[in-house]
Structures are given as structure tokens and as C-alpha cells.
$ cat protein34.csv   # CSV, C-alpha atoms
chain,number,residue,atom,x,y,z
H,1,MET,CA,99.5,121.7,126.5
H,2,SER,CA,97.2,119.0,128.0
H,3,PHE,CA,96.0,116.1,126.0
H,4,GLN,CA,92.4,117.1,126.3
H,5,LYS,CA,93.0,120.6,124.9
H,6,THR,CA,95.0,119.2,122.0
H,7,LEU,CA,92.4,116.7,121.2
H,8,THR,CA,89.5,119.2,121.1
H,9,ARG,CA,91.5,121.6,119.0
H,10,ARG,CA,92.4,118.9,116.6
H,11,MET,CA,88.8,117.5,116.3
H,12,LEU,CA,87.3,120.9,115.8
H,13,SER,CA,89.8,121.9,113.1
H,14,LEU,CA,89.4,118.5,111.4
H,15,ASP,CA,93.1,118.0,111.8
H,16,PHE,CA,92.6,114.3,112.1
H,17,LEU,CA,91.7,114.1,108.4
H,18,ASP,CA,95.1,115.4,107.6
H,19,ASP,CA,96.5,112.7,109.8
H,20,VAL,CA,94.7,110.1,107.7
H,21,ARG,CA,96.2,111.5,104.5
H,22,ARG,CA,99.6,111.7,106.1
H,23,MET,CA,99.5,108.0,107.1
H,24,ASN,CA,101.9,106.1,104.9
H,25,LYS,CA,101.1,102.8,103.4
H,26,ARG,CA,102.5,100.8,106.2
H,27,GLN,CA,100.3,102.4,108.8
H,28,LEU,CA,97.3,102.0,106.6
H,29,TYR,CA,97.8,98.3,106.2
H,30,TYR,CA,98.4,98.1,110.0
H,31,GLN,CA,95.0,99.7,110.6
H,32,VAL,CA,93.3,97.4,108.1
H,33,LEU,CA,94.8,94.4,109.8
H,34,ASN,CA,93.7,95.7,113.2
H,35,PHE,CA,90.2,96.0,111.9
H,36,GLY,CA,90.4,92.5,110.4
H,37,MET,CA,91.5,91.1,113.8
H,38,ILE,CA,88.6,92.7,115.6
H,39,VAL,CA,86.1,91.2,113.2
H,40,SER,CA,87.7,87.8,113.3
H,41,SER,CA,87.8,87.8,117.1
H,42,ALA,CA,84.1,88.6,117.2
H,43,LEU,CA,83.4,85.8,114.8
H,44,MET,CA,85.5,83.4,116.8
H,45,ILE,CA,83.7,84.2,120.0
H,46,TRP,CA,80.4,83.6,118.2
H,47,LYS,CA,81.5,80.2,116.8
H,48,GLY,CA,82.9,79.3,120.1
H,49,LEU,CA,79.6,79.9,121.7
H,50,MET,CA,77.9,77.8,119.0
H,51,VAL,CA,80.2,74.9,119.9
H,52,VAL,CA,79.8,75.2,123.7
H,53,THR,CA,76.0,75.4,123.6
H,54,GLY,CA,75.4,73.1,120.7
H,55,SER,CA,73.0,75.5,119.2
H,56,GLU,CA,73.2,77.1,115.8
H,57,SER,CA,72.1,80.4,117.3
H,58,PRO,CA,73.1,80.7,120.9
H,59,ILE,CA,71.7,84.1,121.5
H,60,VAL,CA,68.3,85.2,120.1
H,61,VAL,CA,66.1,88.3,120.5
H,62,VAL,CA,62.5,87.8,121.3
H,63,LEU,CA,60.5,89.3,118.4
H,64,SER,CA,56.9,88.9,119.4
H,65,GLY,CA,54.7,89.3,122.5
H,66,SER,CA,53.5,85.7,122.6
H,67,MET,CA,55.4,84.9,125.8
H,68,GLU,CA,54.4,87.9,127.8
H,69,PRO,CA,54.6,88.6,130.7
H,70,ALA,CA,57.7,86.5,130.9
H,71,PHE,CA,59.5,87.9,127.8
H,72,HIS,CA,58.8,91.0,125.9
H,73,ARG,CA,59.9,92.2,122.5
H,74,GLY,CA,63.6,93.0,122.7
H,75,ASP,CA,64.6,90.6,125.4
H,76,LEU,CA,67.7,88.6,124.9
H,77,LEU,CA,67.7,84.8,125.4
H,78,PHE,CA,70.7,82.5,125.8
H,79,LEU,CA,70.1,79.0,124.4
H,80,THR,CA,71.6,75.6,124.6
H,81,ASN,CA,70.8,72.6,122.5
H,82,ARG,CA,72.8,69.8,124.0
H,83,VAL,CA,71.9,66.3,122.9
H,84,GLU,CA,72.2,65.0,126.5
H,85,ASP,CA,69.3,67.2,127.6
H,86,PRO,CA,66.1,65.7,126.5
H,87,ILE,CA,63.1,67.9,125.6
H,88,ARG,CA,60.7,67.9,128.5
H,89,VAL,CA,57.3,69.5,129.1
H,90,GLY,CA,57.4,73.1,130.4
H,91,GLU,CA,60.7,74.0,128.8
H,92,ILE,CA,61.0,77.1,126.7
H,93,VAL,CA,62.1,76.1,123.2
H,94,VAL,CA,63.1,78.2,120.3
H,95,PHE,CA,62.2,76.4,117.1
H,96,ARG,CA,62.0,77.1,113.4
H,97,ILE,CA,59.1,75.9,111.2
H,98,GLU,CA,60.1,74.3,108.0
H,99,GLY,CA,60.0,76.9,105.2
H,100,ARG,CA,60.2,79.9,107.5
H,101,GLU,CA,63.3,81.5,108.8
H,102,ILE,CA,62.1,83.4,111.8
H,103,PRO,CA,62.5,81.4,115.0
H,104,ILE,CA,59.7,81.2,117.5
H,105,VAL,CA,60.0,81.2,121.3
H,106,HIS,CA,57.3,79.1,123.0
H,107,ARG,CA,56.8,76.6,125.7
H,108,VAL,CA,56.4,72.8,125.3
H,109,LEU,CA,53.0,71.6,126.1
H,110,LYS,CA,53.0,67.9,125.2
H,111,ILE,CA,55.6,65.3,124.4
H,112,HIS,CA,55.4,61.8,123.1
H,113,GLU,CA,58.7,60.0,123.0
H,114,LYS,CA,59.4,56.5,121.6
H,115,GLU,CA,61.9,54.1,123.1
H,116,ASN,CA,64.5,54.8,120.5
H,117,GLY,CA,64.5,58.5,121.4
H,118,ASP,CA,62.3,59.8,118.6
H,119,ILE,CA,60.3,62.6,120.1
H,120,LYS,CA,57.4,64.6,118.9
H,121,PHE,CA,56.1,67.6,120.8
H,122,LEU,CA,53.6,70.4,120.7
H,123,THR,CA,54.2,74.0,121.8
H,124,LYS,CA,52.1,77.0,122.9
H,125,GLY,CA,52.9,80.6,123.7
H,126,ASP,CA,52.1,81.6,127.3
H,127,ASN,CA,50.2,84.6,126.0
H,128,ASN,CA,48.3,82.7,123.3
H,129,ALA,CA,44.9,81.1,123.9
H,130,VAL,CA,45.6,78.1,121.7
H,131,ASP,CA,48.5,75.8,121.0
H,132,ASP,CA,50.7,76.3,118.0
H,133,ARG,CA,49.2,73.8,115.6
H,134,GLY,CA,47.9,76.7,113.6
H,135,LEU,CA,51.4,78.0,113.1
H,136,TYR,CA,52.9,74.7,111.9
H,137,LYS,CA,53.2,73.8,108.3
H,138,GLN,CA,50.1,72.6,106.5
H,139,GLY,CA,49.5,69.0,107.6
H,140,GLN,CA,52.2,69.1,110.3
H,141,HIS,CA,50.8,68.3,113.7
H,142,TRP,CA,54.0,67.9,115.8
H,143,LEU,CA,57.5,69.4,116.0
H,144,GLU,CA,60.6,67.3,116.1
H,145,LYS,CA,64.1,67.6,117.4
H,146,LYS,CA,65.4,68.8,114.1
H,147,ASP,CA,63.2,71.9,114.3
H,148,VAL,CA,64.6,73.0,117.6
H,149,VAL,CA,67.2,75.8,117.6
H,150,GLY,CA,67.7,75.6,121.4
H,151,ARG,CA,66.3,75.6,124.9
H,152,ALA,CA,66.2,78.9,126.7
H,153,ARG,CA,68.5,78.8,129.7
H,154,GLY,CA,69.1,82.4,130.6
H,155,PHE,CA,67.7,85.8,129.8
H,156,VAL,CA,68.5,89.5,129.9
H,157,PRO,CA,65.8,92.0,129.4
H,158,TYR,CA,65.6,95.0,127.0
H,159,ILE,CA,69.1,94.7,125.4
H,160,GLY,CA,67.9,93.2,122.2
H,161,ILE,CA,65.9,96.3,121.3
H,162,VAL,CA,69.0,97.5,119.4
H,163,THR,CA,68.7,94.5,117.0
H,164,ILE,CA,65.0,95.2,116.5
H,165,LEU,CA,65.7,98.8,115.8
H,166,MET,CA,68.4,97.9,113.3
H,167,ASN,CA,66.0,95.6,111.5
H,168,ASP,CA,63.1,98.0,111.4
H,169,TYR,CA,65.1,101.0,110.4
H,170,PRO,CA,67.9,100.0,108.0
H,171,LYS,CA,69.3,103.5,107.9
H,172,PHE,CA,70.0,103.3,111.6
H,173,LYS,CA,71.9,100.0,110.9
H,174,TYR,CA,74.1,101.6,108.1
H,175,ALA,CA,74.7,104.7,110.3
H,176,VAL,CA,76.0,102.5,113.2
H,177,LEU,CA,78.2,100.4,110.9
H,178,PHE,CA,79.6,103.4,109.2
H,179,LEU,CA,80.5,105.1,112.5
H,180,LEU,CA,82.0,102.0,113.9
H,181,GLY,CA,84.2,101.5,110.7
H,182,LEU,CA,85.3,105.1,110.7
H,183,PHE,CA,86.2,105.0,114.4
H,184,VAL,CA,88.3,101.8,114.0
H,185,LEU,CA,90.1,103.0,110.9
H,186,VAL,CA,90.9,106.4,112.2
H,187,HIS,CA,91.8,105.5,115.8
H,188,ARG,CA,95.5,105.8,116.3
H,189,GLU,CA,97.0,103.2,118.5
Z,1,MET,CA,25.9,71.9,145.3
Z,2,GLU,CA,25.1,69.7,148.1
Z,3,GLY,CA,27.3,66.8,147.3
Z,4,GLY,CA,30.3,69.1,146.9
Z,5,ASP,CA,29.7,70.7,150.3
Z,6,GLU,CA,29.7,67.3,152.0
Z,7,ARG,CA,33.0,66.6,150.5
Z,8,TYR,CA,34.5,69.9,151.7
Z,9,CYS,CA,33.2,69.3,155.2
Z,10,GLU,CA,34.7,65.9,155.3
Z,11,MET,CA,38.1,66.9,154.0
Z,12,GLU,CA,38.5,69.9,156.1
Z,13,LYS,CA,37.3,68.0,159.2
Z,14,ARG,CA,35.7,71.1,160.5
Z,15,GLU,CA,32.1,69.9,160.9
Z,16,LYS,CA,31.2,72.9,163.0
Z,17,ASP,CA,32.1,75.3,160.2
Z,18,CYS,CA,30.1,73.5,157.7
Z,19,VAL,CA,26.4,74.0,157.2
Z,20,LYS,CA,24.5,71.7,155.0
Z,21,GLY,CA,23.8,73.3,151.7
Z,22,ARG,CA,26.3,76.1,152.2
Z,23,LYS,CA,30.0,76.1,152.7
Z,24,THR,CA,31.6,78.4,155.2
Z,25,GLU,CA,35.4,78.4,155.1
Z,26,LYS,CA,37.4,80.8,157.1
Z,27,ASP,CA,40.9,79.5,156.3
Z,28,GLY,CA,41.2,77.5,153.1
Z,29,ARG,CA,44.6,75.9,153.9
Z,30,LEU,CA,44.6,72.2,154.5
Z,31,ASP,CA,46.1,70.9,157.7
Z,32,ARG,CA,49.5,69.7,156.7
Z,33,GLN,CA,50.0,67.4,159.6
Z,34,LYS,CA,47.0,65.4,158.5
Z,35,LEU,CA,48.1,65.5,154.9
Z,36,GLU,CA,51.2,63.4,155.5
Z,37,THR,CA,49.5,60.6,157.2
Z,38,GLU,CA,46.3,60.4,155.2
Z,39,GLY,CA,46.3,58.0,152.3
Z,40,GLN,CA,43.5,57.2,149.9
Z,41,ARG,CA,39.8,57.4,150.3
Z,42,ASN,CA,36.8,56.6,148.1
Z,43,GLN,CA,33.7,58.7,148.0
Z,44,THR,CA,30.5,58.7,146.1
Z,45,VAL,CA,29.4,62.2,145.1
Z,46,ARG,CA,27.0,63.7,142.7
Z,47,ASN,CA,28.3,65.5,139.7
Z,48,ALA,CA,26.9,68.5,138.0
Z,49,PHE,CA,24.4,66.4,136.2
Z,50,GLY,CA,23.1,64.7,139.3
Z,51,GLU,CA,24.7,61.4,138.5
Z,52,ARG,CA,26.4,59.4,141.1
Z,53,GLN,CA,30.1,59.0,140.5
Z,54,GLU,CA,32.9,57.3,142.3
Z,55,ARG,CA,35.7,59.6,143.3
Z,56,GLU,CA,39.1,58.7,144.6
Z,57,CYS,CA,41.0,61.2,146.7
Z,58,GLN,CA,44.7,61.1,147.4
Z,59,ARG,CA,46.7,63.4,149.5
Z,60,GLY,CA,50.3,64.1,149.5
Z,61,VAL,CA,52.9,66.7,150.2
Z,62,LEU,CA,55.0,67.7,147.2
Z,63,ARG,CA,57.7,69.8,148.8
Z,64,LYS,CA,58.2,71.0,152.3
Z,65,ARG,CA,55.8,73.8,152.0
Z,66,VAL,CA,53.7,73.0,148.9
Z,67,ALA,CA,50.8,70.7,149.8
Z,68,VAL,CA,48.8,69.3,146.9
Z,69,GLU,CA,45.7,67.2,147.0
Z,70,THR,CA,44.2,65.8,143.9
Z,71,CYS,CA,40.8,64.3,143.7
Z,72,TYR,CA,39.7,63.1,140.4
Z,73,PHE,CA,36.7,61.9,138.5
Z,74,TYR,CA,38.1,59.4,136.1
Z,75,PRO,CA,35.8,58.7,133.2
Z,76,ARG,CA,37.5,58.7,129.9
Z,77,LYS,CA,36.4,58.7,126.4
Z,78,ASN,CA,37.6,57.7,123.0
Z,79,VAL,CA,36.8,60.5,120.6
Z,80,ASP,CA,37.5,61.8,117.2
Z,81,ASP,CA,40.7,63.8,117.4
Z,82,PHE,CA,40.7,66.3,114.6
Z,83,THR,CA,44.0,67.8,115.7
Z,84,GLY,CA,46.0,64.6,115.5
Z,85,PRO,CA,47.0,62.3,112.7
Z,86,ARG,CA,44.7,59.4,113.6
Z,87,GLU,CA,40.9,58.9,113.7
Z,88,ARG,CA,40.2,58.3,117.3
Z,89,SER,CA,42.4,58.9,120.4
Z,90,ASP,CA,41.9,58.5,124.1
Z,91,LEU,CA,40.7,61.6,125.9
Z,92,GLY,CA,41.1,61.7,129.7
Z,93,PHE,CA,39.3,63.9,132.2
Z,94,ILE,CA,40.9,64.8,135.5
Z,95,THR,CA,39.6,67.2,138.1
Z,96,PHE,CA,41.8,68.2,141.0
Z,97,ASP,CA,42.2,70.3,144.0
Z,98,LEU,CA,45.4,72.2,144.6
Z,99,SER,CA,46.7,74.2,147.5
Z,100,ALA,CA,50.1,75.6,147.6
Z,101,ASP,CA,52.2,78.2,149.4
Z,102,LEU,CA,54.7,79.7,147.0
Z,103,LYS,CA,56.3,82.3,149.2
Z,104,PRO,CA,59.7,80.6,149.7
Z,105,ILE,CA,60.3,80.5,146.0
Z,106,PHE,CA,60.0,84.2,145.5
Z,107,ASP,CA,63.2,86.2,146.1
Z,108,TRP,CA,64.6,89.5,144.9
Z,109,ASN,CA,65.4,88.2,141.4
Z,110,VAL,CA,62.1,86.5,140.6
Z,111,LYS,CA,59.9,88.3,138.2
Z,112,GLN,CA,57.2,85.6,137.9
Z,113,LEU,CA,56.6,81.9,138.3
Z,114,PHE,CA,55.0,79.7,135.7
Z,115,LEU,CA,53.3,76.8,137.5
Z,116,TYR,CA,52.1,73.8,135.6
Z,117,LEU,CA,50.6,70.4,136.5
Z,118,SER,CA,51.8,67.7,134.1
Z,119,ALA,CA,50.8,64.1,133.7
Z,120,GLU,CA,53.5,61.6,132.8
Z,121,TYR,CA,52.8,58.0,131.6
Z,122,ALA,CA,54.0,55.3,129.4
Z,123,THR,CA,52.0,53.4,126.7
Z,124,LYS,CA,52.6,50.6,124.3
Z,125,SER,CA,53.4,52.9,121.4
Z,126,ASN,CA,55.3,55.5,123.3
Z,127,ALA,CA,57.9,55.0,126.0
Z,128,LEU,CA,57.3,58.4,127.6
Z,129,ASN,CA,54.4,60.8,127.3
Z,130,GLN,CA,54.1,64.1,129.1
Z,131,VAL,CA,51.0,66.3,128.9
Z,132,VAL,CA,50.5,69.6,130.6
Z,133,LEU,CA,47.0,69.6,132.2
Z,134,TRP,CA,46.9,73.0,133.7
Z,135,ASP,CA,49.1,76.0,134.1
Z,136,LYS,CA,49.2,79.4,135.8
Z,137,ILE,CA,51.3,82.4,135.9
Z,138,VAL,CA,52.0,83.9,139.3
Z,139,LEU,CA,53.5,87.4,139.1
Z,140,ARG,CA,55.6,89.0,141.7
Z,141,GLY,CA,53.3,90.9,144.0
Z,142,GLU,CA,50.3,88.6,143.4
Z,143,SER,CA,49.0,86.4,146.3
Z,144,THR,CA,51.4,83.5,146.8
Z,145,LYS,CA,48.9,81.3,148.4
Z,146,LEU,CA,46.9,79.2,146.0
Z,147,ASN,CA,43.8,77.3,147.0
Z,148,LEU,CA,42.0,75.9,144.0
Z,149,ARG,CA,39.1,73.5,144.1
Z,150,ASP,CA,37.4,71.4,141.5
Z,151,MET,CA,39.8,72.5,138.8
Z,152,LYS,CA,39.3,71.1,135.4
Z,153,SER,CA,42.3,70.6,133.1
Z,154,LYS,CA,42.9,73.6,130.9
Z,155,TYR,CA,44.1,71.6,128.0
Z,156,PHE,CA,42.7,68.5,126.4
Z,157,PHE,CA,44.3,65.4,127.8
Z,158,PHE,CA,44.6,63.6,124.5
Z,159,ASP,CA,46.8,60.6,124.1
Z,160,ASP,CA,48.8,59.9,120.9
Z,161,GLY,CA,46.8,56.7,120.4
Z,162,ASN,CA,44.6,54.7,122.7
Z,163,GLY,CA,47.0,54.2,125.6
Z,164,LEU,CA,44.9,55.7,128.5
Z,165,ARG,CA,42.4,53.0,128.9
Z,166,ALA,CA,43.4,50.7,131.8
Z,167,ASN,CA,46.7,52.6,132.2
Z,168,LYS,CA,47.6,51.9,135.8
Z,169,ASN,CA,50.1,54.6,136.3
Z,170,ILE,CA,49.6,58.2,135.4
Z,171,THR,CA,51.9,60.4,137.4
Z,172,LEU,CA,50.8,63.9,138.2
Z,173,THR,CA,53.6,66.4,139.1
Z,174,LEU,CA,53.5,70.0,139.9
Z,175,SER,CA,56.5,71.9,138.5
Z,176,TRP,CA,57.4,75.5,138.0
Z,177,ASN,CA,59.6,77.7,135.8
Z,178,VAL,CA,61.2,80.6,137.6
Z,179,VAL,CA,61.5,83.7,135.4
Z,180,PRO,CA,64.1,86.0,136.9
Z,181,ASN,CA,64.5,89.7,136.3
Z,182,ALA,CA,67.7,88.7,134.6
Z,183,GLY,CA,69.7,85.6,134.7
Z,184,ILE,CA,69.2,81.8,134.5
Z,185,LEU,CA,65.8,80.3,133.9
Z,186,PRO,CA,65.5,77.2,136.1
Z,187,LEU,CA,62.9,74.6,135.7
Z,188,VAL,CA,62.1,73.0,139.0
Z,189,MET,CA,60.0,69.9,139.6
Z,190,GLY,CA,58.1,69.4,142.8
Z,191,ALA,CA,59.7,66.7,145.0
Z,192,GLY,CA,56.6,64.4,145.3
Z,193,ARG,CA,54.3,63.0,142.8
Z,194,MET,CA,50.9,61.5,142.7
Z,195,SER,CA,50.0,58.4,140.8
Z,196,VAL,CA,46.5,57.9,139.3
Z,197,PRO,CA,45.1,54.9,137.5
Z,198,PHE,CA,42.6,55.2,134.7
Z,199,PRO,CA,39.7,52.7,134.5
Z,200,GLU,CA,39.3,49.7,132.2
Z,201,SER,CA,36.4,51.0,130.2
Z,202,TYR,CA,35.3,54.1,128.5
Z,203,GLU,CA,32.6,56.3,129.9
Z,204,THR,CA,29.6,57.0,127.9
Z,205,THR,CA,27.9,59.7,130.0
Z,206,LYS,CA,28.9,63.3,130.1
Z,207,SER,CA,31.7,64.0,132.5
Z,208,TYR,CA,32.3,67.7,132.9

$ encode --input "protein34.csv" --output "C-alpha cells"
Amino acid sequence: MSFQKTLTRRMLSLDFLDDVRRMNKRQLYYQVLNFGMIVSSALMIWKGLMVVTGSESPIVVVLSGSMEPAFHRGDLLFLTNRVEDPIRVGEIVVFRIEGREIPIVHRVLKIHEKENGDIKFLTKGDNNAVDDRGLYKQGQHWLEKKDVVGRARGFVPYIGIVTILMNDYPKFKYAVLFLLGLFVLVHRE
Amino acid sequence: MEGGDERYCEMEKREKDCVKGRKTEKDGRLDRQKLETEGQRNQTVRNAFGERQERECQRGVLRKRVAVETCYFYPRKNVDDFTGPRERSDLGFITFDLSADLKPIFDWNVKQLFLYLSAEYATKSNALNQVVLWDKIVLRGESTKLNLRDMKSKYFFFDDGNGLRANKNITLTLSWNVVPNAGILPLVMGAGRMSVPFPESYETTKSY
């Protein structure tokens, strides 16, 4: 019989659950190791990106509409944060304000740099009427290099919506993770 | 405004199209051949308050097809700056004219263009200062020819300190950020720049 027919028959009659029970210990360990390898590879790719770009978060999702019409909620941004690239006016920077964990994506409006390289800068969202001084910490008038997560170098639209959905609807996140885990454990290869 | 019309007539060099007291302009683009050879010129015009003011006009070509001309009033003030950490900072006023043809930058992957005019200068306390004076978003599909006159800066040109007075060299540059439909976000700086000096003393009258 063809593979397709066998597969549908087995899926429909839940035969694959019997397969799981029949798997002996060795096969089970093998599956778990496979799963572990997939997770580690993903982590290694992420860490590798962090090293290459110099940024602690090389890919971010735009969460607010303050940079419209350039970036909308759900767009993916690729960042770099290399020390050799100085911060200049007009660049799109992703920064974190002290005490807050959500990064903000805005454009640099003003910079004042001293001879030794110490730089202080002001940002503003394209879609905002005023600069970001109102967003900074109480008493803080400028941002510094240490607040920067990275400079936006590339962008892909819409794809980050999945992350936003997973954040807003935690049940969706658990469902996706559960299905992924099930698939990997059960998949026979 | 009579003074302004005289200026337009002189710059456009089309006396026959200009009528005293009323400006008629058929094609706003400046003649690029003349732009490259023209240098600097001083004029005396009347501002919105009827006061006579000196104006310096410089012309230049920034890139092959982007012609920019800046004419500026250059009074400055030293005012209370509530947004910064110190009591008083220098505040500069610049008015400019800008004409540009952005068609060659737009291609199939360009969603929008973020244009900005920035001023770069050095002071005693800071080796490098850059301030965005004006910006504009040009979406795909919008008119790609810009012809702006008498533009005031959109953002306050505050210095971090008092370094604008008698600063001989403020460099104005037009740059743009290309936002693609997907892909790399390049930041391009126009090839030419314009250097502007600020005067030795503060201005006490109203400027805008």
C-alpha cells in the first residue's frame, strides 16, 4: 500500500500512540537527545548572531506605532551595535530606558560628542510630535551609549506579528509550544 | 510681502515673470547651470516685522540631481533652556530654501524616504555636535519634486552650552534614510555641504 494511505489510516486510528508506547527506552532517549539538539542549535544560532552584530538583542519586533509610516506594529528589525560605528544623527536606534525593560525604536535627533568619545543624544519617534525627553527617566535629559541596544540596519515587515500574538494571548503561546514539542517527540526519523 | 518678492525675482532671474507685489512662478525649479557657478551674495530684506535684516545667500549642488539653496537669517539668542541641564543655552535661528528632485532615489523596493537637514559643528566643550533642523517623510507615490521656500527649522536649534556665538563653521547637510519594502535600511548623506557662520553677538529683536 502507498505511504500516503498507510499514514492516513494510522493517523485516523491513532495508531501512532501505540507506536509511542512500543518505543523502547533507547529510542525514547534518542528522541529526547534529538529534541535537545534542536533546542541547542537554535540557541547557538542566536548567540552567534549576538556576537556577530555586537548587540544583546539582534532581532527585535516593533511594538508601537511611533515610527509609522516606516515601521508598523509587528515589523521585524535587524540590529547591529558595533563599537566602530559611531552614533550619528538620523539613525534609527533601539534603546532601553533605565528601569524599563521594553526597548523603544526611535530616530536620533541631536548628538553632542566629546573628544574622548563620550556621547549624549536625544531621540524622537517619526510619528510623535515631540522628542522623547518625556519618556526618559525623571531628571534624565539625554541618552548614552550604554542605553543603546542596537542600530536598525535591516527590516522585514509583518513577520513579528506572531511574537505579539504570543505575548497578548498566552494560551496561543502554550498551544504552539505544546504542538511543537509533540511533533518533535513523536516524529520518527 | 514686498521684500520677499524682490528676492524671488532676483534669484529666479526672470524679471518678466515677476510683478512687484505679487509673485508669479510658472516653474519653481532653479536653473542648475547657474547654481554651480554662483557663489555668495548679500541682500537686505525686510522681515515679517518690517525690520531691515542682512541676509546671506549661498547656492550649491548637493548631488548630481539634488540642488539645494540655503538663505538664512542669522540672529541668535541666548535663552533659558528648560529642557537641558543648564540655565542658559545658545539658540540659533536658520531659515532656508530647498529644492530637490528625488526621483532617482526611488526604485521598486523603496517604501518611503526620510529626508532631514542637519547642522554639524564643533564647540569648545564638545568636539562634535549634530542637530536635525528639519525633516520630511516622502512616501512612494507622493510628488518627488520639492520646492520649499522660507522654511523655518522644525526643531529648536539649541546648543549644549554657549557654543553658537561667533562659531565660524556650521555645516548644513541634507541626508536621507531609505526605508525599503523589505531589506537593508541605508542612511545616505548628500554629497555636498554648505557652511554657515553665526555672528559675534546675540540678537535682541524678534527673529521669526

$ atom_distance --input "protein34.csv" --atom1 "CA of Asn169 (chain Z)" --atom2 "CA of Phe121 (chain H)"
21.1 Å

$ interface_residues --input "protein34.csv" --of "chain Z" --to "chain H" --cutoff "8 Å" --atoms "only C-alpha atoms" --output "list of chain:residue names"
Z:Thr83, Z:Gly84, Z:Pro85, Z:Lys111, Z:Gln112, Z:Tyr116, Z:Ser118, Z:Ser125, Z:Asn126, Z:Ala127, Z:Leu128, Z:Asn129, Z:Gln130, Z:Val131, Z:Val132, Z:Asp160, Z:Trp176, Z:Asn177, Z:Val179, Z:Pro180, Z:Asn181, Z:Ala182, Z:Gly183, Z:Ile184, Z:Leu185, Z:Pro186, Z:Leu187

$ write_last_selection --input "protein34.csv" --atoms "C-alpha atoms" --output "CSV table (one decimal), in the coordinates of the input"
chain,number,residue,atom,x,y,z
Z,83,THR,CA,44.0,67.8,115.7
Z,84,GLY,CA,46.0,64.6,115.5
Z,85,PRO,CA,47.0,62.3,112.7
Z,111,LYS,CA,59.9,88.3,138.2
Z,112,GLN,CA,57.2,85.6,137.9
Z,116,TYR,CA,52.1,73.8,135.6
Z,118,SER,CA,51.8,67.7,134.1
Z,125,SER,CA,53.4,52.9,121.4
Z,126,ASN,CA,55.3,55.5,123.3
Z,127,ALA,CA,57.9,55.0,126.0
Z,128,LEU,CA,57.3,58.4,127.6
Z,129,ASN,CA,54.4,60.8,127.3
Z,130,GLN,CA,54.1,64.1,129.1
Z,131,VAL,CA,51.0,66.3,128.9
Z,132,VAL,CA,50.5,69.6,130.6
Z,160,ASP,CA,48.8,59.9,120.9
Z,176,TRP,CA,57.4,75.5,138.0
Z,177,ASN,CA,59.6,77.7,135.8
Z,179,VAL,CA,61.5,83.7,135.4
Z,180,PRO,CA,64.1,86.0,136.9
Z,181,ASN,CA,64.5,89.7,136.3
Z,182,ALA,CA,67.7,88.7,134.6
Z,183,GLY,CA,69.7,85.6,134.7
Z,184,ILE,CA,69.2,81.8,134.5
Z,185,LEU,CA,65.8,80.3,133.9
Z,186,PRO,CA,65.5,77.2,136.1
Z,187,LEU,CA,62.9,74.6,135.7

$ atom_distance --input "protein34.csv" --atom1 "CA of Ile159 (chain H)" --atom2 "CA of Ala175 (chain H)"
19.0 Å

$ closest_atom_pairs --input "protein34.csv" --of "region 100-184 of chain H" --to "region 31-55 of chain H" --cutoff "12 Å" --atoms "all atoms listed in the file" --output "CSV"
residue,atom,partner,partner_atom,distance
H:Lys146,CA,H:Ser55,CA,11.3
H:Asp147,CA,H:Ser55,CA,11.5
H:Val148,CA,H:Ser55,CA,8.9
H:Val149,CA,H:Ser55,CA,6.0
H:Gly150,CA,H:Ser55,CA,5.7
H:Arg151,CA,H:Ser55,CA,8.8
H:Ala152,CA,H:Ser55,CA,10.7
H:Arg153,CA,H:Thr53,CA,10.2
H:Leu180,CA,H:Phe35,CA,10.4
H:Gly181,CA,H:Phe35,CA,8.2
H:Leu182,CA,H:Phe35,CA,10.4
H:Phe183,CA,H:Phe35,CA,10.2
H:Val184,CA,H:Phe35,CA,6.5

$ closest_residue --input "protein34.csv" --among "H:Ser2, H:Asn81, H:Gln138, H:Asn167" --to "Ile97 (chain H)" --atoms "all atoms listed in the file"
H:Gln138

$ atom_distance --input "protein34.csv" --atom1 "CA of Pro58 (chain H)" --atom2 "CA of Thr80 (chain H)"
6.5 Å

$ residues_around --input "protein34.csv" --residues "region 164-166 of chain H" --least-positions-apart "3" --cutoff "9 Å" --atoms "only C-alpha atoms" --output "ChimeraX atom specification"
/H:61,63,73-74,160-161,169-174,176

$ build_atoms --input "protein34.csv" --residues "region 98-102 of chain H" --atoms "all heavy atoms" --output "mmCIF file, keeping the file's coordinate frame"
data_model
loop_
_atom_site.group_PDB
_atom_site.id
_atom_site.type_symbol
_atom_site.label_atom_id
_atom_site.label_comp_id
_atom_site.auth_asym_id
_atom_site.auth_seq_id
_atom_site.Cartn_x
_atom_site.Cartn_y
_atom_site.Cartn_z
ATOM 1 N N GLU H 98 59.534 74.591 109.288
ATOM 2 C CA GLU H 98 60.100 74.300 108.000
ATOM 3 C C GLU H 98 59.563 75.333 106.954
ATOM 4 O O GLU H 98 58.363 75.561 106.850
ATOM 5 C CB GLU H 98 59.635 72.937 107.507
ATOM 6 C CG GLU H 98 60.694 71.884 107.682
ATOM 7 C CD GLU H 98 60.122 70.521 107.334
ATOM 8 O OE1 GLU H 98 59.504 69.905 108.226
ATOM 9 O OE2 GLU H 98 60.262 70.130 106.179
ATOM 10 N N GLY H 99 60.473 75.939 106.233
ATOM 11 C CA GLY H 99 60.000 76.900 105.200
ATOM 12 C C GLY H 99 60.009 78.320 105.726
ATOM 13 O O GLY H 99 59.844 79.250 104.951
ATOM 14 N N ARG H 100 60.151 78.494 107.043
ATOM 15 C CA ARG H 100 60.200 79.900 107.500
ATOM 16 C C ARG H 100 61.493 80.080 108.256
ATOM 17 O O ARG H 100 61.996 79.185 108.912
ATOM 18 C CB ARG H 100 59.042 80.106 108.536
ATOM 19 C CG ARG H 100 57.740 79.711 107.987
ATOM 20 C CD ARG H 100 56.631 80.653 108.361
ATOM 21 N NE ARG H 100 55.393 79.916 108.128
ATOM 22 C CZ ARG H 100 54.512 79.672 109.064
ATOM 23 N NH1 ARG H 100 54.686 80.160 110.270
ATOM 24 N NH2 ARG H 100 53.448 78.953 108.792
ATOM 25 N N GLU H 101 62.037 81.304 108.174
ATOM 26 C CA GLU H 101 63.300 81.500 108.800
ATOM 27 C C GLU H 101 63.301 82.144 110.140
ATOM 28 O O GLU H 101 64.273 82.138 110.864
ATOM 29 C CB GLU H 101 64.267 82.258 107.846
ATOM 30 C CG GLU H 101 63.616 83.520 107.291
ATOM 31 C CD GLU H 101 64.660 84.385 106.615
ATOM 32 O OE1 GLU H 101 65.163 83.966 105.559
ATOM 33 O OE2 GLU H 101 64.975 85.445 107.179
ATOM 34 N N ILE H 102 62.155 82.703 110.499
ATOM 35 C CA ILE H 102 62.100 83.400 111.800
ATOM 36 C C ILE H 102 61.883 82.387 112.899
ATOM 37 O O ILE H 102 60.898 81.652 112.874
ATOM 38 C CB ILE H 102 61.011 84.449 111.790
ATOM 39 C CG1 ILE H 102 61.267 85.444 110.671
ATOM 40 C CG2 ILE H 102 60.975 85.181 113.116
ATOM 41 C CD1 ILE H 102 60.310 86.592 110.659
#
